[in-house]
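Student: Here you go, final-v4.cif (mmCIF, C-alpha atoms):
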data_coords
#
loop_
_atom_site.label_atom_id
_atom_site.label_comp_id
_atom_site.auth_asym_id
_atom_site.auth_seq_id
_atom_site.Cartn_x
_atom_site.Cartn_y
_atom_site.Cartn_z
CA MET A 1 -9.46 -15.90 -21.00
CA GLN A 2 -5.72 -16.53 -20.66
CA MET A 3 -3.67 -15.99 -17.48
CA THR A 4 0.05 -15.26 -17.68
CA LEU A 5 2.28 -14.88 -14.62
CA HIS A 6 5.27 -12.54 -14.75
CA VAL A 7 7.94 -12.60 -12.06
CA VAL A 8 9.61 -9.19 -12.18
CA PRO A 9 12.81 -8.12 -10.39
CA LEU A 10 12.42 -4.70 -8.82
CA ARG A 11 15.70 -3.04 -7.90
CA LEU A 12 15.38 -0.28 -5.32
CA ARG A 13 16.89 3.18 -5.66
CA HIS A 14 18.34 2.79 -2.14
CA ARG A 15 18.38 0.02 0.42
CA PHE A 16 15.03 0.22 2.20
CA THR A 17 14.97 -0.59 5.89
CA ILE A 18 12.10 -0.75 8.36
CA ALA A 19 11.84 -2.34 11.78
CA HIS A 20 11.09 -5.72 10.13
CA GLY A 21 14.23 -5.81 7.94
CA SER A 22 16.00 -4.47 4.82
CA THR A 23 15.79 -5.02 1.08
CA ASP A 24 17.67 -3.95 -2.06
CA LEU A 25 15.94 -6.16 -4.63
CA GLN A 26 12.74 -8.11 -4.63
CA HIS A 27 10.80 -10.20 -7.11
CA ASN A 28 7.12 -9.32 -7.37
CA LEU A 29 4.40 -11.23 -9.18
CA ILE A 30 2.41 -9.62 -12.01
CA VAL A 31 -0.78 -11.34 -13.12
CA GLU A 32 -1.90 -10.74 -16.70
CA LEU A 33 -5.44 -11.63 -17.71
CA ARG A 34 -6.00 -11.48 -21.45
CA ASP A 35 -9.42 -11.65 -23.04
CA GLY A 36 -9.21 -11.12 -26.79
CA GLU A 37 -7.62 -7.74 -27.56
CA HIS A 38 -7.61 -6.53 -23.95
CA ALA A 39 -5.12 -7.38 -21.18
CA GLY A 40 -5.44 -6.50 -17.52
CA TYR A 41 -2.56 -6.40 -15.03
CA GLY A 42 -2.32 -6.78 -11.27
CA GLU A 43 0.56 -7.00 -8.82
CA ALA A 44 1.44 -8.71 -5.57
CA SER A 45 4.50 -7.75 -3.56
CA THR A 46 6.82 -10.21 -1.88
CA VAL A 47 7.15 -9.38 1.80
CA GLY A 48 9.49 -11.53 3.81
CA TYR A 49 7.85 -10.99 7.18
CA TYR A 50 4.53 -12.19 5.73
CA GLY A 51 6.20 -15.36 4.49
CA ASN A 52 5.32 -15.09 0.82
CA SER A 53 7.33 -15.22 -2.39
CA ALA A 54 6.69 -14.86 -6.10
CA ALA A 55 6.98 -18.64 -6.36
CA SER A 56 4.46 -19.34 -3.59
CA MET A 57 1.94 -16.86 -5.02
CA GLY A 58 2.43 -18.25 -8.50
CA ALA A 59 1.80 -21.76 -7.20
CA SER A 60 -1.45 -20.62 -5.57
CA LEU A 61 -2.68 -19.22 -8.87
CA GLU A 62 -1.45 -22.15 -10.94
CA ARG A 63 -3.64 -24.46 -8.87
CA LEU A 64 -6.63 -22.40 -10.05
CA ARG A 65 -5.51 -21.87 -13.64
CA ASP A 66 -8.27 -23.99 -15.18
CA ALA A 67 -11.00 -22.32 -13.13
CA ILE A 68 -9.66 -18.82 -13.80
CA GLU A 69 -9.21 -19.31 -17.52
CA ALA A 70 -12.68 -20.85 -17.83
CA ASP A 71 -14.18 -17.82 -16.10
CA HIS A 72 -14.90 -14.32 -17.40
CA VAL A 73 -14.72 -10.87 -15.86
CA ASP A 74 -18.26 -9.53 -15.83
CA VAL A 75 -18.27 -7.52 -12.62
CA PRO A 76 -14.91 -7.64 -10.79
CA ALA A 77 -16.52 -8.10 -7.38
CA ALA A 78 -18.38 -11.17 -8.65
CA PHE A 79 -15.20 -12.53 -10.23
CA TRP A 80 -13.40 -11.97 -6.90
CA ALA A 81 -16.15 -13.80 -5.01
CA ARG A 82 -15.89 -16.83 -7.28
CA HIS A 83 -12.19 -17.31 -6.47
CA ALA A 84 -11.77 -15.78 -3.00
CA SER A 85 -12.39 -18.92 -0.97
CA ALA A 86 -9.82 -20.93 -2.94
CA LEU A 87 -7.24 -18.18 -2.34
CA ALA A 88 -8.22 -17.36 1.24
CA ALA A 89 -4.81 -18.52 2.48
CA ASP A 90 -2.97 -16.34 -0.05
CA PRO A 91 -4.50 -12.84 -0.07
CA PHE A 92 -1.46 -11.44 -1.90
CA ALA A 93 -2.12 -13.68 -4.90
CA LEU A 94 -5.83 -12.89 -4.68
CA CYS A 95 -4.96 -9.19 -4.73
CA ALA A 96 -2.98 -9.49 -7.97
CA LEU A 97 -5.81 -11.45 -9.59
CA ASP A 98 -8.41 -8.90 -8.46
CA GLN A 99 -6.36 -5.94 -9.71
CA ALA A 100 -5.93 -7.61 -13.09
CA ALA A 101 -9.67 -8.24 -13.27
CA HIS A 102 -10.42 -4.57 -12.57
CA ASP A 103 -7.91 -3.46 -15.19
CA LEU A 104 -9.41 -5.81 -17.78
CA TRP A 105 -12.95 -4.72 -16.87
CA GLY A 106 -12.17 -1.05 -17.33
CA LYS A 107 -10.32 -1.63 -20.60
CA ARG A 108 -13.18 -3.64 -22.03
CA LEU A 109 -15.62 -0.85 -21.14
CA GLY A 110 -13.24 1.87 -22.29
CA LEU A 111 -13.30 3.81 -19.00
CA PRO A 112 -11.00 4.32 -16.00
CA VAL A 113 -11.93 2.20 -13.01
CA TRP A 114 -12.31 5.24 -10.74
CA ARG A 115 -14.97 6.57 -13.12
CA LEU A 116 -16.73 3.21 -13.19
CA PHE A 117 -16.84 3.43 -9.38
CA GLY A 118 -18.65 6.78 -9.74
CA LEU A 119 -15.76 8.78 -8.26
CA SER A 120 -14.28 12.17 -9.10
CA LEU A 121 -10.66 13.35 -9.23
CA ALA A 122 -11.63 16.90 -8.24
CA ALA A 123 -10.17 16.77 -4.71
CA LEU A 124 -7.41 14.26 -3.95
CA PRO A 125 -5.07 13.93 -0.97
CA PRO A 126 -1.36 14.12 -1.82
CA SER A 127 0.90 11.14 -1.29
CA ASP A 128 3.61 11.12 1.31
CA TYR A 129 7.18 10.01 0.58
CA THR A 130 8.74 7.33 2.78
CA ILE A 131 12.14 7.69 4.43
CA GLY A 132 13.40 4.26 5.47
CA ILE A 133 15.62 3.64 8.49
CA ALA A 134 19.29 4.39 7.85
CA PRO A 135 22.10 6.37 9.46
CA VAL A 136 20.62 9.82 9.99
CA ALA A 137 22.87 11.43 7.36
CA GLU A 138 21.48 9.00 4.77
CA MET A 139 17.92 9.74 5.87
CA VAL A 140 18.58 13.44 5.39
CA ALA A 141 20.04 12.72 1.94
CA LYS A 142 16.89 10.76 0.99
CA LEU A 143 14.74 13.68 2.08
CA ARG A 144 16.83 16.09 0.02
CA GLU A 145 16.48 13.81 -3.01
CA PHE A 146 12.75 14.66 -3.05
CA PRO A 147 12.65 18.00 -1.22
CA ARG A 148 9.26 19.24 -2.47
CA PHE A 149 7.01 16.65 -0.85
CA PRO A 150 4.49 18.20 1.54
CA ILE A 151 4.50 15.07 3.72
CA TYR A 152 7.18 12.55 4.69
CA LYS A 153 6.51 9.18 6.24
CA ILE A 154 9.44 8.36 8.50
CA LYS A 155 10.20 4.77 9.43
CA LEU A 156 11.42 4.41 13.00
CA GLY A 157 12.25 1.65 15.45
CA THR A 158 15.77 2.48 16.69
CA ASP A 159 17.31 3.63 19.95
CA ASP A 160 17.68 7.14 18.47
CA ASP A 161 14.19 7.74 17.08
CA LEU A 162 13.65 11.15 18.63
CA ALA A 163 17.07 12.38 17.54
CA ILE A 164 16.33 11.22 13.98
CA VAL A 165 13.11 13.23 13.81
CA ARG A 166 14.78 16.28 15.32
CA GLU A 167 17.52 16.17 12.70
CA LEU A 168 15.10 15.68 9.81
CA ARG A 169 13.03 18.59 11.08
CA ARG A 170 16.06 20.84 10.64
CA HIS A 171 15.87 20.27 6.86
CA THR A 172 12.16 20.68 6.06
CA THR A 173 8.94 22.30 7.22
CA ALA A 174 6.85 19.46 5.72
CA VAL A 175 4.40 17.38 7.72
CA PHE A 176 5.84 14.19 9.24
CA ARG A 177 4.08 10.88 9.71
CA ILE A 178 5.77 8.27 11.89
CA ASP A 179 5.61 4.53 11.24
CA ALA A 180 7.30 2.40 13.88
CA ASN A 181 6.15 -0.93 12.37
CA CYS A 182 5.33 -2.45 15.78
CA ALA A 183 8.75 -1.62 17.27
CA TRP A 184 7.65 0.42 20.31
CA THR A 185 6.09 -0.35 23.66
CA ALA A 186 3.14 1.51 25.11
CA ALA A 187 5.41 3.34 27.54
CA ARG A 188 7.77 4.46 24.79
CA THR A 189 4.89 5.59 22.60
CA LEU A 190 3.39 7.71 25.36
CA GLU A 191 6.81 9.14 26.18
CA LEU A 192 7.61 10.11 22.59
CA ALA A 193 4.18 11.25 21.39
CA PRO A 194 4.18 14.76 22.94
CA GLN A 195 7.73 15.44 21.74
CA LEU A 196 6.90 14.20 18.24
CA ALA A 197 3.75 16.30 18.15
CA ALA A 198 5.87 19.36 18.92
CA LEU A 199 8.08 18.42 15.94
CA GLY A 200 5.19 18.55 13.48
CA VAL A 201 4.17 14.89 13.42
CA GLU A 202 0.63 14.32 12.15
CA PHE A 203 0.01 10.78 13.41
CA LEU A 204 1.65 7.56 14.58
CA GLU A 205 1.22 4.44 12.48
CA GLN A 206 1.24 1.07 14.24
CA PRO A 207 3.64 1.84 17.10
CA LEU A 208 2.83 -1.39 18.98
CA PRO A 209 2.68 -5.07 17.96
CA PRO A 210 -0.86 -6.09 16.98
CA ASP A 211 -1.14 -8.58 19.85
CA ASP A 212 -0.53 -5.92 22.54
CA ASP A 213 -4.20 -5.18 23.14
CA ASP A 214 -3.74 -3.76 26.64
CA GLY A 215 -0.90 -1.52 25.56
CA GLN A 216 -2.84 -0.30 22.54
CA ALA A 217 -5.84 0.51 24.70
CA ALA A 218 -3.64 2.53 27.06
CA VAL A 219 -2.02 4.43 24.22
CA PHE A 220 -5.39 5.10 22.57
CA ALA A 221 -6.70 6.58 25.81
CA ARG A 222 -3.71 8.84 26.44
CA SER A 223 -1.81 9.59 23.24
CA VAL A 224 -1.74 13.22 22.11
CA LEU A 225 -1.30 12.02 18.52
CA PRO A 226 -3.80 10.08 16.39
CA LEU A 227 -3.06 6.39 15.92
CA VAL A 228 -3.38 4.57 12.59
CA ALA A 229 -3.57 0.78 12.35
CA ASP A 230 -1.50 -1.12 9.78
CA GLU A 231 -0.37 -4.54 10.99
CA SER A 232 -3.48 -4.55 13.23
CA CYS A 233 -5.73 -4.15 10.20
CA GLN A 234 -5.02 -6.98 7.78
CA GLY A 235 -8.49 -7.66 6.40
CA GLU A 236 -12.17 -6.90 6.58
CA ALA A 237 -12.76 -8.54 9.95
CA ASP A 238 -10.18 -6.29 11.59
CA VAL A 239 -11.87 -2.96 10.87
CA ALA A 240 -14.44 -3.19 13.66
CA ARG A 241 -11.78 -4.29 16.15
CA CYS A 242 -9.71 -1.23 15.30
CA ALA A 243 -12.52 1.22 16.03
CA SER A 244 -11.93 1.15 19.79
CA ARG A 245 -8.11 1.19 19.56
CA PHE A 246 -7.20 3.49 16.65
CA HIS A 247 -8.29 6.72 15.03
CA GLY A 248 -7.77 5.44 11.49
CA ILE A 249 -6.72 2.45 9.43
CA ASN A 250 -4.18 1.89 6.69
CA VAL A 251 -5.68 -0.47 4.11
CA LYS A 252 -3.16 -2.49 2.11
CA LEU A 253 -4.60 -4.12 -1.01
CA THR A 254 -2.08 -6.95 -0.87
CA LYS A 255 -2.95 -7.88 2.70
CA CYS A 256 -6.73 -7.74 2.36
CA GLY A 257 -6.96 -9.44 -1.04
CA GLY A 258 -7.43 -6.65 -3.55
CA ILE A 259 -9.53 -3.67 -4.58
CA THR A 260 -12.82 -5.49 -3.95
CA PRO A 261 -12.39 -6.05 -0.18
CA ALA A 262 -10.53 -2.74 0.20
CA ARG A 263 -13.62 -0.83 -0.92
CA ARG A 264 -15.69 -2.66 1.67
CA MET A 265 -13.10 -1.92 4.37
CA ILE A 266 -13.18 1.77 3.51
CA ALA A 267 -16.98 1.82 3.71
CA SER A 268 -16.93 0.02 7.07
CA ALA A 269 -14.32 2.40 8.44
CA ARG A 270 -16.43 5.39 7.47
CA GLN A 271 -19.46 3.93 9.23
CA LEU A 272 -17.35 3.51 12.38
CA GLY A 273 -15.96 7.05 12.27
CA LEU A 274 -12.42 5.98 11.35
CA LYS A 275 -10.19 7.90 8.97
CA VAL A 276 -8.72 5.97 6.08
CA MET A 277 -5.35 5.68 4.43
CA VAL A 278 -4.40 3.29 1.66
CA GLY A 279 -0.74 2.38 1.62
CA CYS A 280 1.60 0.50 -0.65
CA MET A 281 4.33 -2.05 -0.31
CA THR A 282 7.47 -1.96 -2.44
CA GLU A 283 5.70 -2.31 -5.75
CA SER A 284 5.74 -1.10 -9.30
CA THR A 285 3.40 1.28 -11.08
CA VAL A 286 1.06 -1.68 -11.66
CA GLY A 287 0.18 -1.90 -7.96
CA ILE A 288 0.30 1.88 -7.47
CA SER A 289 -2.18 2.36 -10.32
CA ALA A 290 -4.58 -0.04 -8.63
CA ILE A 291 -4.35 1.83 -5.32
CA GLY A 292 -4.84 5.12 -7.15
CA GLN A 293 -8.38 4.16 -8.18
CA LEU A 294 -9.38 4.51 -4.50
CA LEU A 295 -7.67 7.86 -3.93
CA PRO A 296 -10.89 9.95 -4.00
CA LEU A 297 -12.17 7.93 -1.01
CA LEU A 298 -9.17 8.59 1.25
CA ASP A 299 -8.03 11.00 3.94
CA TRP A 300 -4.35 10.03 3.58
CA ALA A 301 -2.36 8.38 0.82
CA ASP A 302 0.92 6.48 0.70
CA LEU A 303 1.51 5.80 -3.00
CA ASP A 304 5.26 6.29 -3.27
CA GLY A 305 6.24 2.64 -3.85
CA ALA A 306 7.29 3.12 -7.47
CA LEU A 307 9.34 6.20 -6.57
CA LEU A 308 11.51 3.98 -4.38
CA LEU A 309 12.47 1.86 -7.40
CA ALA A 310 15.44 2.18 -9.73
CA ASP A 311 13.48 0.27 -12.41
CA ASP A 312 9.79 -0.02 -13.22
CA VAL A 313 7.72 -2.34 -15.39
CA ALA A 314 4.80 -0.12 -16.35
CA GLU A 315 3.44 3.37 -16.81
CA GLY A 316 0.22 4.50 -15.16
CA VAL A 317 -0.88 6.43 -12.10
CA SER A 318 2.16 8.34 -10.86
CA VAL A 319 3.26 10.48 -7.95
CA GLY A 320 5.10 13.70 -8.74
CA GLU A 321 7.95 15.14 -6.73
CA ASP A 322 5.43 17.46 -5.06
CA GLY A 323 3.29 14.54 -3.86
CA ILE A 324 0.53 15.23 -6.39
CA VAL A 325 -0.94 12.06 -7.89
CA SER A 326 -1.51 12.13 -11.66
CA PHE A 327 -3.82 9.90 -13.69
CA PRO A 328 -2.96 9.03 -17.29
CA GLY A 329 -6.48 9.16 -18.76
CA ARG A 330 -6.33 5.59 -20.03
CA ALA A 331 -9.03 2.99 -19.43
CA GLY A 332 -8.88 0.39 -16.68
CA LEU A 333 -6.23 1.08 -14.07
CA GLY A 334 -4.41 3.29 -16.59
CA ILE A 335 -1.57 0.79 -16.97
CA ARG A 336 0.70 0.57 -19.99
CA TRP A 337 2.81 -2.57 -19.52
CA ARG A 338 6.55 -2.34 -20.31
CA GLY A 339 7.95 -5.39 -18.58
CA LEU A 340 11.47 -6.25 -17.50
CA SER A 341 11.54 -10.03 -17.32
CA PRO A 342 10.43 -12.94 -19.51
CA ARG A 343 7.13 -14.57 -18.79
CA ALA A 344 7.23 -17.24 -16.14
#
How would this structure read if it were set down as structure tokens?
Tutor:
Amino acid sequence: MQMTLHVVPLRLRHRFTIAHGSTDLQHNLIVELRDGEHAGYGEASTVGYYGNSAASMGASLERLRDAIEADHVDVPAAFWARHASALAADPFALCALDQAAHDLWGKRLGLPVWRLFGLSLAALPPSDYTIGIAPVAEMVAKLREFPRFPIYKIKLGTDDDLAIVRELRRHTTAVFRIDANCAWTAARTLELAPQLAALGVEFLEQPLPPDDDDGQAAVFARSVLPLVADESCQGEADVARCASRFHGINVKLTKCGGITPARRMIASARQLGLKVMVGCMTESTVGISAIGQLLPLLDWADLDGALLLADDVAEGVSVGEDGIVSFPGRAGLGIRWRGLSPRA
């Protein structure tokens, strides 16, 4: 087996701002695993507030090149287990490797990964579309750019959050989801929740910092809106802790280390009575196609990452302008690699 690392520049359609910061361009890492005629692809995003880069993730994988290339993808979960401990400090790199292994596995067997998991595409939740923080006129313009979505995820964390939601509500009857990315206090969350509920908000995602346990407990006990964990649910060990503080979890493949642990997190959440969302970072269709294989297992989906891009590097699972997720019918993750940059 041969591993190739691609560093790809992803230019965004618009500057994307959340409470943690802004970005116009980022360089993600694509892992290619080639075994004879078949090649599998996986992606890891670069996220400044998690302290990673394409170079750091590439270095993590380069240290394991000999072990990876001497291995084979029999069952992806077993392949993941053989390399997980060596990449425990770099779950983003592990995620890209695991996605590539799943893609290669499906292509070798000639079937989509979702089918190999025993899943059906008969009933799928739609994806939301994310509106990043900007002057409110720009946020309205972003909403109008994709006016047919049934659900919008609105990033907040400003002094004018309520006014922003009120203005956006004037332009659509769609469901709103609010993601404050840890920017609120417990008092502010409890103050805003009833007013946001009246404005058609479905749930609040991670309003408080993950270390504010007392505040989260107070909000969980009194909030009129459901609470979904994101930054508080990084990996498998966090699911049980979230059960007494949140109503649902947002699983991010990059943060937990790939499809393999994500499936276990979803199963654990179900056992604990939690609802489940799988979300994306700013990533190409490679990463979105990996997330899409889990869509039949979810209550909520946030698969709009590739829609936020001006350029893409692949074709595969896609989100339409009505939020409906489409699958290409190809084996593996459904990816057809196009590429934008030379191999690194």
Student: Spell out the residues picked by the PyMOL selection byres ((chain A and resi 83-98) around 8) here, as a short mmCIF file (atom, residue, chain, number, x, y, z; two decimals) with C-alpha atoms, in the coordinates of the input.
Tutor:
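Okay, result_24.cif is ready:
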data_model
loop_
_atom_site.label_atom_id
_atom_site.label_comp_id
_atom_site.auth_asym_id
_atom_site.auth_seq_id
_atom_site.Cartn_x
_atom_site.Cartn_y
_atom_site.Cartn_z
CA LEU A 29 4.40 -11.23 -9.18
CA ILE A 30 2.41 -9.62 -12.01
CA VAL A 31 -0.78 -11.34 -13.12
CA TYR A 41 -2.56 -6.40 -15.03
CA GLY A 42 -2.32 -6.78 -11.27
CA GLU A 43 0.56 -7.00 -8.82
CA ALA A 44 1.44 -8.71 -5.57
CA SER A 45 4.50 -7.75 -3.56
CA MET A 57 1.94 -16.86 -5.02
CA GLY A 58 2.43 -18.25 -8.50
CA SER A 60 -1.45 -20.62 -5.57
CA LEU A 61 -2.68 -19.22 -8.87
CA LEU A 64 -6.63 -22.40 -10.05
CA ILE A 68 -9.66 -18.82 -13.80
CA PRO A 76 -14.91 -7.64 -10.79
CA PHE A 79 -15.20 -12.53 -10.23
CA TRP A 80 -13.40 -11.97 -6.90
CA ALA A 81 -16.15 -13.80 -5.01
CA ARG A 82 -15.89 -16.83 -7.28
CA GLN A 99 -6.36 -5.94 -9.71
CA ALA A 100 -5.93 -7.61 -13.09
CA ALA A 101 -9.67 -8.24 -13.27
CA HIS A 102 -10.42 -4.57 -12.57
CA LEU A 253 -4.60 -4.12 -1.01
CA THR A 254 -2.08 -6.95 -0.87
CA LYS A 255 -2.95 -7.88 2.70
CA CYS A 256 -6.73 -7.74 2.36
CA GLY A 257 -6.96 -9.44 -1.04
CA GLY A 258 -7.43 -6.65 -3.55
CA ILE A 259 -9.53 -3.67 -4.58
CA THR A 260 -12.82 -5.49 -3.95
#
Student: Which one of A:Arg338, A:Arg245, A:Arg169, A:Arg177 sits closest to Lys155 of chain A if you count only C-alpha atoms?
Tutor: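 Residue with the minimum atom-to-atom distance to Lys155 of chain A: A:Arg177.
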Student: Rank A:Met277, A:Ile131, A:Leu10, A:Ala174 by their smallest atom-to-atom distance to His27 of chain A, using only C-alpha atoms, and report the top residue only.
Tutor: A:Leu10
Student: For the structure provided, state which residues fall under the PyMOL selection byres ((chain A and resi 330) around 9), and present them as an mmCIF file with C-alpha atoms, in the coordinates of the input.
Tutor:
data_model
loop_
_atom_site.group_PDB
_atom_site.id
_atom_site.type_symbol
_atom_site.label_atom_id
_atom_site.label_comp_id
_atom_site.auth_asym_id
_atom_site.auth_seq_id
_atom_site.Cartn_x
_atom_site.Cartn_y
_atom_site.Cartn_z
ATOM 1 C CA LYS A 107 -10.320 -1.630 -20.600
ATOM 2 C CA GLY A 110 -13.240 1.870 -22.290
ATOM 3 C CA LEU A 111 -13.300 3.810 -19.000
ATOM 4 C CA PRO A 112 -11.000 4.320 -16.000
ATOM 5 C CA GLY A 316 0.220 4.500 -15.160
ATOM 6 C CA PHE A 327 -3.820 9.900 -13.690
ATOM 7 C CA PRO A 328 -2.960 9.030 -17.290
ATOM 8 C CA GLY A 329 -6.480 9.160 -18.760
ATOM 9 C CA ALA A 331 -9.030 2.990 -19.430
ATOM 10 C CA GLY A 332 -8.880 0.390 -16.680
ATOM 11 C CA LEU A 333 -6.230 1.080 -14.070
ATOM 12 C CA GLY A 334 -4.410 3.290 -16.590
ATOM 13 C CA ILE A 335 -1.570 0.790 -16.970
ATOM 14 C CA ARG A 336 0.700 0.570 -19.990
#
Student: Between atom CA of Ile288 of chain A and atom CA of Ala314 of chain A, measure the distance and give it in Å to one decimal.
Tutor: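 That distance, rounded to one decimal, is 10.2 Å.
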Student: Counting all atoms listed in the file, select every polymer residue within 7 Å of (9.2, 7.1, 3.8) as defined in the file's coordinates, and provide the selection as a compact mmCIF listing (two decimals) with C-alpha atoms, keeping the file's coordinate frame.
Tutor:
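Output below, filename result_17.txt:
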# COMPACT_ATOMS: atom_id res chain seq x y z
CA TYR A 129 7.18 10.01 0.58
CA THR A 130 8.74 7.33 2.78
CA ILE A 131 12.14 7.69 4.43
CA GLY A 132 13.40 4.26 5.47
CA TYR A 152 7.18 12.55 4.69
CA LYS A 153 6.51 9.18 6.24
CA ILE A 154 9.44 8.36 8.50
CA LYS A 155 10.20 4.77 9.43
Student: Identify which of the residues A:Glu37, A:Asp179, A:Glu69, A:Asp161 lies closest to Thr4 of chain A, counting all atoms listed in the file when measuring atom-to-atom distances.
Tutor: A:Glu69
Student: Using Å and a single decimal, report how far atom CA of Arg11 of chain A sits from atom CA of Glu167 of chain A.
Tutor: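 Computed distance, atom CA of Glu167 of chain A to atom CA of Arg11 of chain A, equals 28.2 Å.
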